[in-house]
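Visitor: Okay, here's the structure, questions in a sec.
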Amino acid sequence: MKTLFEKIWEKHVVQTIEGGPSILYIDRHFIHEVTSPQAFNGLNKRGIKVFRPNQVVATADHNVPTLDQHLPIKEELSRVQVDTLKKNCAEHGIELYGLGHPFQGIVHVIGPELGITQPGMTIVCGDSHTSTHGAFGSIAFGIGTSEVEMVLATQCLMQSRPKLMRINIDGQLNDGVVSKDIVLYILAQITASGATGYAVEFAGSAIRSLSMEARMTICNMSIEMGARCGMIAPDQTTFDYIQGRRFAPQGEDWEKSVAYWQTLFSDEGAAFDTEINIKAEDIEPMITYGTNPGMGIGVGGHIPGLGEVEEKEKPSFEKSLAYMGLQPGAAIKGTKVDYVFIGSCTNSRIEDLRLVAGFVNGKQKAPGVEVWIVPGSKQVEKQAIEEGIDKIFEAAGFILRQPGCSACLGMNEDKIPAGKYCISTSNRNFEGRQGPNARTFLASPLTAALAAITGEVGDVREYWKN
């Protein structure tokens, strides 16, 4: 009896060092402009080429502008990094989906939508949110720059096997509750370090009821619990999503692949080091109030009072609230917001944009609120335009920008000004994450859309049927 993780891990172990880590074979390696230059520099210094370039996929996403992408990049560091990626990919024969390419986009969006991400794979990238790909029943995790170099050189990686955790979510989700609320709820329950050292499998009827895009949101944020990776067993929903995509298996290969993928589940009675059970009915629309993703509450709730916080946690708790300009015990509903950002590798897929468009159709954004909608890829952007979603956004006063990581992180031109509040569908609310002294509330696309219309944090359930 084996878990899903064990089945994939054991199939990819090349060698285990006695008393130490395993050498793991890597099926797919995604790279981008931020964490790859030093790795290529290391290869070049040693005079070696990329071992298996056909298993490496590159795109530009973190530092790219999301307006006027046809023009030269203004920020010098960003321009140098993107140019360096072009040069390195050309020298080493790696496929690059750079600016202007119809497949360009956020690395964790383009892998699944192109059919590159498949069940049973080992997948790595020099980016912590590589865990997104685990939604397909793969072992996917972020790696450091020296490890990027190791995989480029050998297609293998030394890794210690993590402990195993399963989080079961059973039952029926309430109206207005989406996958982002599920993962923020889990984080609020177990904290931002609650899964440290674990590979986490998400299971249960509520998980099985989700679309692939919703599953990706949950696995994306497993890293925010401290997990090494997150994963969901593939099923018919998975197979239907992959079938017919550009790099998906075809014909006889498709039949063989599905036959293997159908074996990828945790056997009944398989052992996990830790199991957590959650009732779907207990989850409500969530929002963060602090400076780590585990500091979250239901939108109708209140920020914990000092008496509700453990003594050892009080200094960091008070520091966090001071940064956010919030008070212990206060309600968060009704807090005014200045910016709304809908995008990032967490929530920038076509399903997210459709959800927002359906909610805001015929409505106008609140005065004084700036709204940025950033599609996760050129394909998402194209689909949004073909479906008329861009026109709905335009009529509401929103800006549909071009693909990139954008305001998820303060590495490009899309920064939130100091002291301003942004309700964001991204994955991190650390100090300065969206720009120096920017203040971030993490929430679902629905909750963010509501804030764009009302100008404040609200409960989408009150508007759900309107």
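By order in the structure tokens, chains are A, B, ...; within a chain, residues start at 1; ligands start at 1, following the order shown.
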Can you tell me which residues surround Lys415 in chain A at a distance of at most 7 Å, considering only C-alpha atoms, apart from same-chain residues fewer than 3 positions away, and format the answer as a VMD selection string?

Guide: chain A and resid 407 410 434 to 435

Visitor: Would you kindly return, as an mmCIF file with N, CA, C and O atoms, in the first residue's frame, each protein, DNA or RNA residue with an atom no farther than 8 Å from any atom of range 37-39 of chain A, considering only C-alpha atoms and excluding same-chain residues fewer than 5 positions away?

Guide:
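That gives us part-v4.cif:
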data_model
loop_
_atom_site.group_PDB
_atom_site.id
_atom_site.type_symbol
_atom_site.label_atom_id
_atom_site.label_comp_id
_atom_site.auth_asym_id
_atom_site.auth_seq_id
_atom_site.Cartn_x
_atom_site.Cartn_y
_atom_site.Cartn_z
ATOM 1 N N GLN A 81 18.022 40.968 -17.467
ATOM 2 C CA GLN A 81 17.662 39.580 -17.154
ATOM 3 C C GLN A 81 16.913 38.911 -18.306
ATOM 4 O O GLN A 81 17.183 37.751 -18.649
ATOM 5 N N THR A 84 19.354 38.297 -21.125
ATOM 6 C CA THR A 84 20.273 37.215 -20.772
ATOM 7 C C THR A 84 19.596 35.855 -20.956
ATOM 8 O O THR A 84 20.222 34.894 -21.423
ATOM 9 N N LEU A 85 18.298 35.778 -20.606
ATOM 10 C CA LEU A 85 17.562 34.532 -20.804
ATOM 11 C C LEU A 85 17.517 34.168 -22.286
ATOM 12 O O LEU A 85 17.727 33.010 -22.662
ATOM 13 N N ASN A 88 21.002 32.872 -23.304
ATOM 14 C CA ASN A 88 21.308 31.549 -22.754
ATOM 15 C C ASN A 88 20.497 30.444 -23.438
ATOM 16 O O ASN A 88 21.021 29.365 -23.724
ATOM 17 N N THR A 145 19.078 28.403 -6.985
ATOM 18 C CA THR A 145 19.865 28.627 -8.198
ATOM 19 C C THR A 145 20.928 27.559 -8.417
ATOM 20 O O THR A 145 21.140 27.111 -9.545
ATOM 21 N N SER A 146 21.602 27.119 -7.356
ATOM 22 C CA SER A 146 22.623 26.081 -7.520
ATOM 23 C C SER A 146 21.978 24.774 -7.975
ATOM 24 O O SER A 146 22.567 24.000 -8.745
ATOM 25 N N VAL A 148 19.200 24.686 -9.819
ATOM 26 C CA VAL A 148 18.856 24.912 -11.232
ATOM 27 C C VAL A 148 20.036 24.492 -12.105
ATOM 28 O O VAL A 148 19.874 23.792 -13.108
ATOM 29 N N GLU A 149 21.229 24.884 -11.688
ATOM 30 C CA GLU A 149 22.440 24.510 -12.431
ATOM 31 C C GLU A 149 22.622 22.988 -12.443
ATOM 32 O O GLU A 149 22.967 22.389 -13.471
#

Visitor: Hey, which of A:Val258, A:Val360, A:Gly100, A:Met165 ends up closest to Leu71 in chain A? Count only C-alpha atoms.

Guide: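 Of the candidates, the smallest distance to Leu71 in chain A is held by A:Gly100.
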
Visitor: Between A:Asn220, A:Asp170, A:Leu152, A:Thr16, which one has atoms that come closest to Leu43 in chain A, using only C-alpha atoms?

Guide: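 Closest residue, counting only C-alpha atoms: A:Leu152.
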
Visitor: Just the residues within 8 Å of range 286-288 of chain A, please, counting only C-alpha atoms, with nothing from its chain fewer than 4 positions along; format it as a list in words.

Guide: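 Contacts, in chain order: Asp181, Leu184, Tyr185, Pro293, Gly294, Met295, Gly296, Ile297, Gly298, Val299, Phe441, Leu442, Ala443 and Ser444 of chain A.
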
Visitor: Counting only C-alpha atoms, what are the residues of range 51-72 of chain A within 12 Å of range 336-357 of chain A, and for each of them which pair of atoms is the nearest and at what distance in Å, to one decimal? Sort the table by chain and rising number, as CSV.

Guide:
residue,atom,partner,partner_atom,distance
A:Asp61,CA,A:Ser344,CA,10.0
A:His62,CA,A:Ser344,CA,9.8
A:Thr66,CA,A:Gly343,CA,11.2

Visitor: I'd like to know which of A:Ala449, A:Ile332, A:Met212, A:Met231 is closest to Lys365 in chain A, using only C-alpha atoms.

Guide: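 Residue with the minimum atom-to-atom distance to Lys365 in chain A: A:Ala449.
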
Visitor: Counting only C-alpha atoms, give me one row per residue of range 363-402 of chain A with an atom at most 9 Å from an atom of range 108-126 of chain A, showing the shortest contact pair and its distance in Å to one decimal, sorted by chain then residue number, as CSV.

Guide:
residue,atom,partner,partner_atom,distance
A:Gly376,CA,A:Val109,CA,5.9
A:Ser377,CA,A:Ile110,CA,6.5
A:Lys378,CA,A:Ile110,CA,8.9
A:Gln379,CA,A:Glu113,CA,8.4

Visitor: Give me the residues near Pro436 in chain A as a CSV table (one decimal) with C-alpha atoms, in the first residue's frame, where near means some atom within 6 Å (using only C-alpha atoms) and where sequence neighbours in that chain fewer than 2 positions away do not count.

Guide:
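Saved to part19.csv:
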chain,number,residue,atom,x,y,z
A,418,ALA,CA,3.7,52.9,0.1
A,432,GLY,CA,7.1,45.0,0.9
A,438,ALA,CA,2.6,48.4,0.5

Visitor: Which polymer residues have any atom within 10 Å of an atom of Thr335 in chain A, counting only C-alpha atoms, with same-chain residues fewer than 5 positions away left out, as a list in words?

Guide: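 Surrounding residues, per the criterion: Leu326, Tyr421, Ala451, Gly455, Glu456, Val457 and Gly458 of chain A.
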
Visitor: Check the smallest atom-to-atom distance from each of A:Ser320, A:Val460, A:Leu99, A:Glu224 to Pro72 in chain A using only C-alpha atoms, then report the winner.

Guide: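 The answer is A:Leu99, which sits nearest to Pro72 in chain A.
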
Visitor: DSSP on the backbone, then: every residue of range 113-326 of chain A marked helix (DSSP H, G or I), written as a ChimeraX atom specification.

Guide: /A:113,128-136,145-154,179-190,205-208,212-225,236-242,251-261,280-282,306-308,311-324

Visitor: Find the residues around Leu96 in chain A up to 9 Å (only C-alpha atoms counted), leave out those fewer than 4 positions away in its own chain, and share them as a PyMOL selection string.

Guide: chain A and resi 57-60+85-86+89-90+101+104

Visitor: So which bits of range 239-338 of chain A end up strand (DSSP E) when you DSSP the backbone, as a VMD selection string?

Guide: chain A and resid 274 to 279 286 to 288 296 to 298

Visitor: May I ask which of the residues A:Gln327, A:Gln15, A:Ser179, A:Thr196 is the closest one to Gln159 in chain A, counting only C-alpha atoms?

Guide: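 The closest residue to Gln159 in chain A is A:Gln15.
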
Visitor: Sort by chain and increasing residue number a table of all residues of range 129-225 of chain A within 6 Å of range 267-281 of chain A, each with its closest pair of atoms and their distance in Å to one decimal, counting only C-alpha atoms, and write it as a Markdown table.

Guide:
| residue | atom | partner | partner_atom | distance |
| --- | --- | --- | --- | --- |
| A:Leu164 | CA | A:Phe272 | CA | 5.2 |
| A:Met165 | CA | A:Thr274 | CA | 4.7 |
| A:Arg166 | CA | A:Glu275 | CA | 4.9 |
| A:Ile167 | CA | A:Ile276 | CA | 4.8 |
| A:Asn168 | CA | A:Asn277 | CA | 4.8 |
| A:Ile169 | CA | A:Ile278 | CA | 4.8 |
| A:Asp170 | CA | A:Lys279 | CA | 5.4 |
| A:Gly171 | CA | A:Ala280 | CA | 5.0 |
| A:Gln172 | CA | A:Ala280 | CA | 5.6 |
| A:Leu173 | CA | A:Ala280 | CA | 5.2 |

Visitor: Could you turn the residues from that selection into a file that holds all heavy atoms, as a PDB file, in the first residue's frame?

Guide:
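That gives us out_8.pdb:
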ATOM      1  N   LEU A 164       4.987  12.845   4.999  1.00  0.00           N
ATOM      2  CA  LEU A 164       3.756  12.872   4.212  1.00  0.00           C
ATOM      3  C   LEU A 164       2.561  13.311   5.052  1.00  0.00           C
ATOM      4  O   LEU A 164       2.346  12.814   6.159  1.00  0.00           O
ATOM      5  CB  LEU A 164       3.482  11.493   3.608  1.00  0.00           C
ATOM      6  CG  LEU A 164       4.605  10.899   2.732  1.00  0.00           C
ATOM      7  CD1 LEU A 164       4.204   9.534   2.201  1.00  0.00           C
ATOM      8  CD2 LEU A 164       4.943  11.844   1.581  1.00  0.00           C
ATOM      9  N   MET A 165       1.797  14.246   4.494  1.00  0.00           N
ATOM     10  CA  MET A 165       0.586  14.743   5.154  1.00  0.00           C
ATOM     11  C   MET A 165      -0.575  14.665   4.162  1.00  0.00           C
ATOM     12  O   MET A 165      -0.394  14.915   2.975  1.00  0.00           O
ATOM     13  CB  MET A 165       0.778  16.208   5.591  1.00  0.00           C
ATOM     14  CG  MET A 165      -0.472  16.858   6.190  1.00  0.00           C
ATOM     15  SD  MET A 165      -0.282  18.642   6.509  1.00  0.00           S
ATOM     16  CE  MET A 165       0.886  18.619   7.882  1.00  0.00           C
ATOM     17  N   ARG A 166      -1.745  14.299   4.663  1.00  0.00           N
ATOM     18  CA  ARG A 166      -2.949  14.378   3.822  1.00  0.00           C
ATOM     19  C   ARG A 166      -3.954  15.290   4.503  1.00  0.00           C
ATOM     20  O   ARG A 166      -4.210  15.168   5.702  1.00  0.00           O
ATOM     21  CB  ARG A 166      -3.557  12.995   3.594  1.00  0.00           C
ATOM     22  CG  ARG A 166      -4.807  13.045   2.700  1.00  0.00           C
ATOM     23  CD  ARG A 166      -5.157  11.699   2.093  1.00  0.00           C
ATOM     24  NE  ARG A 166      -5.440  10.693   3.100  1.00  0.00           N
ATOM     25  CZ  ARG A 166      -5.665   9.397   2.813  1.00  0.00           C
ATOM     26  NH1 ARG A 166      -5.615   8.986   1.549  1.00  0.00           N
ATOM     27  NH2 ARG A 166      -5.916   8.534   3.780  1.00  0.00           N
ATOM     28  N   ILE A 167      -4.487  16.232   3.720  1.00  0.00           N
ATOM     29  CA  ILE A 167      -5.535  17.130   4.212  1.00  0.00           C
ATOM     30  C   ILE A 167      -6.816  16.784   3.470  1.00  0.00           C
ATOM     31  O   ILE A 167      -6.903  16.943   2.250  1.00  0.00           O
ATOM     32  CB  ILE A 167      -5.151  18.610   4.001  1.00  0.00           C
ATOM     33  CG1 ILE A 167      -3.855  18.941   4.763  1.00  0.00           C
ATOM     34  CG2 ILE A 167      -6.289  19.521   4.456  1.00  0.00           C
ATOM     35  CD1 ILE A 167      -3.359  20.366   4.579  1.00  0.00           C
ATOM     36  N   ASN A 168      -7.786  16.247   4.202  1.00  0.00           N
ATOM     37  CA  ASN A 168      -9.061  15.826   3.620  1.00  0.00           C
ATOM     38  C   ASN A 168     -10.103  16.929   3.825  1.00  0.00           C
ATOM     39  O   ASN A 168     -10.311  17.385   4.955  1.00  0.00           O
ATOM     40  CB  ASN A 168      -9.556  14.549   4.294  1.00  0.00           C
ATOM     41  CG  ASN A 168      -8.541  13.420   4.185  1.00  0.00           C
ATOM     42  OD1 ASN A 168      -8.211  12.968   3.097  1.00  0.00           O
ATOM     43  ND2 ASN A 168      -8.033  12.968   5.333  1.00  0.00           N
ATOM     44  N   ILE A 169     -10.744  17.332   2.732  1.00  0.00           N
ATOM     45  CA  ILE A 169     -11.810  18.325   2.823  1.00  0.00           C
ATOM     46  C   ILE A 169     -13.059  17.711   2.204  1.00  0.00           C
ATOM     47  O   ILE A 169     -13.129  17.490   0.995  1.00  0.00           O
ATOM     48  CB  ILE A 169     -11.432  19.630   2.103  1.00  0.00           C
ATOM     49  CG1 ILE A 169     -10.106  20.158   2.670  1.00  0.00           C
ATOM     50  CG2 ILE A 169     -12.523  20.682   2.279  1.00  0.00           C
ATOM     51  CD1 ILE A 169      -9.454  21.192   1.846  1.00  0.00           C
ATOM     52  N   ASP A 170     -14.006  17.410   3.039  1.00  0.00           N
ATOM     53  CA  ASP A 170     -15.220  16.730   2.592  1.00  0.00           C
ATOM     54  C   ASP A 170     -16.445  17.594   2.824  1.00  0.00           C
ATOM     55  O   ASP A 170     -16.497  18.390   3.770  1.00  0.00           O
ATOM     56  CB  ASP A 170     -15.377  15.398   3.336  1.00  0.00           C
ATOM     57  CG  ASP A 170     -14.386  14.344   2.846  1.00  0.00           C
ATOM     58  OD1 ASP A 170     -14.499  13.933   1.678  1.00  0.00           O
ATOM     59  OD2 ASP A 170     -13.504  13.948   3.632  1.00  0.00           O
ATOM     60  N   GLY A 171     -17.431  17.393   1.952  1.00  0.00           N
ATOM     61  CA  GLY A 171     -18.686  18.117   2.106  1.00  0.00           C
ATOM     62  C   GLY A 171     -18.926  19.093   0.965  1.00  0.00           C
ATOM     63  O   GLY A 171     -18.198  19.127  -0.023  1.00  0.00           O
ATOM     64  N   GLN A 172     -19.945  19.918   1.143  1.00  0.00           N
ATOM     65  CA  GLN A 172     -20.388  20.855   0.102  1.00  0.00           C
ATOM     66  C   GLN A 172     -19.927  22.267   0.457  1.00  0.00           C
ATOM     67  O   GLN A 172     -20.155  22.750   1.557  1.00  0.00           O
ATOM     68  CB  GLN A 172     -21.923  20.817   0.019  1.00  0.00           C
ATOM     69  CG  GLN A 172     -22.516  21.674  -1.058  1.00  0.00           C
ATOM     70  CD  GLN A 172     -22.389  21.074  -2.449  1.00  0.00           C
ATOM     71  OE1 GLN A 172     -22.403  19.869  -2.609  1.00  0.00           O
ATOM     72  NE2 GLN A 172     -22.242  21.926  -3.442  1.00  0.00           N
ATOM     73  N   LEU A 173     -19.268  22.931  -0.486  1.00  0.00           N
ATOM     74  CA  LEU A 173     -18.841  24.313  -0.268  1.00  0.00           C
ATOM     75  C   LEU A 173     -20.044  25.250  -0.300  1.00  0.00           C
ATOM     76  O   LEU A 173     -20.988  25.044  -1.066  1.00  0.00           O
ATOM     77  CB  LEU A 173     -17.833  24.737  -1.337  1.00  0.00           C
ATOM     78  CG  LEU A 173     -16.478  24.035  -1.303  1.00  0.00           C
ATOM     79  CD1 LEU A 173     -15.688  24.357  -2.562  1.00  0.00           C
ATOM     80  CD2 LEU A 173     -15.685  24.421  -0.062  1.00  0.00           C
TER      81      LEU A 173
END

Visitor: Name all residues at most 10 Å from Ile23 in chain A (count only C-alpha atoms; drop same-chain ones fewer than 4 positions away) and give them as a list in words.

Guide: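 Near neighbours after the sequence-gap exclusion: His12, Val13, Val14, Gln15, Thr16, Ile17, Cys156, Leu157, Met158, Gln159 and Ser160 of chain A.
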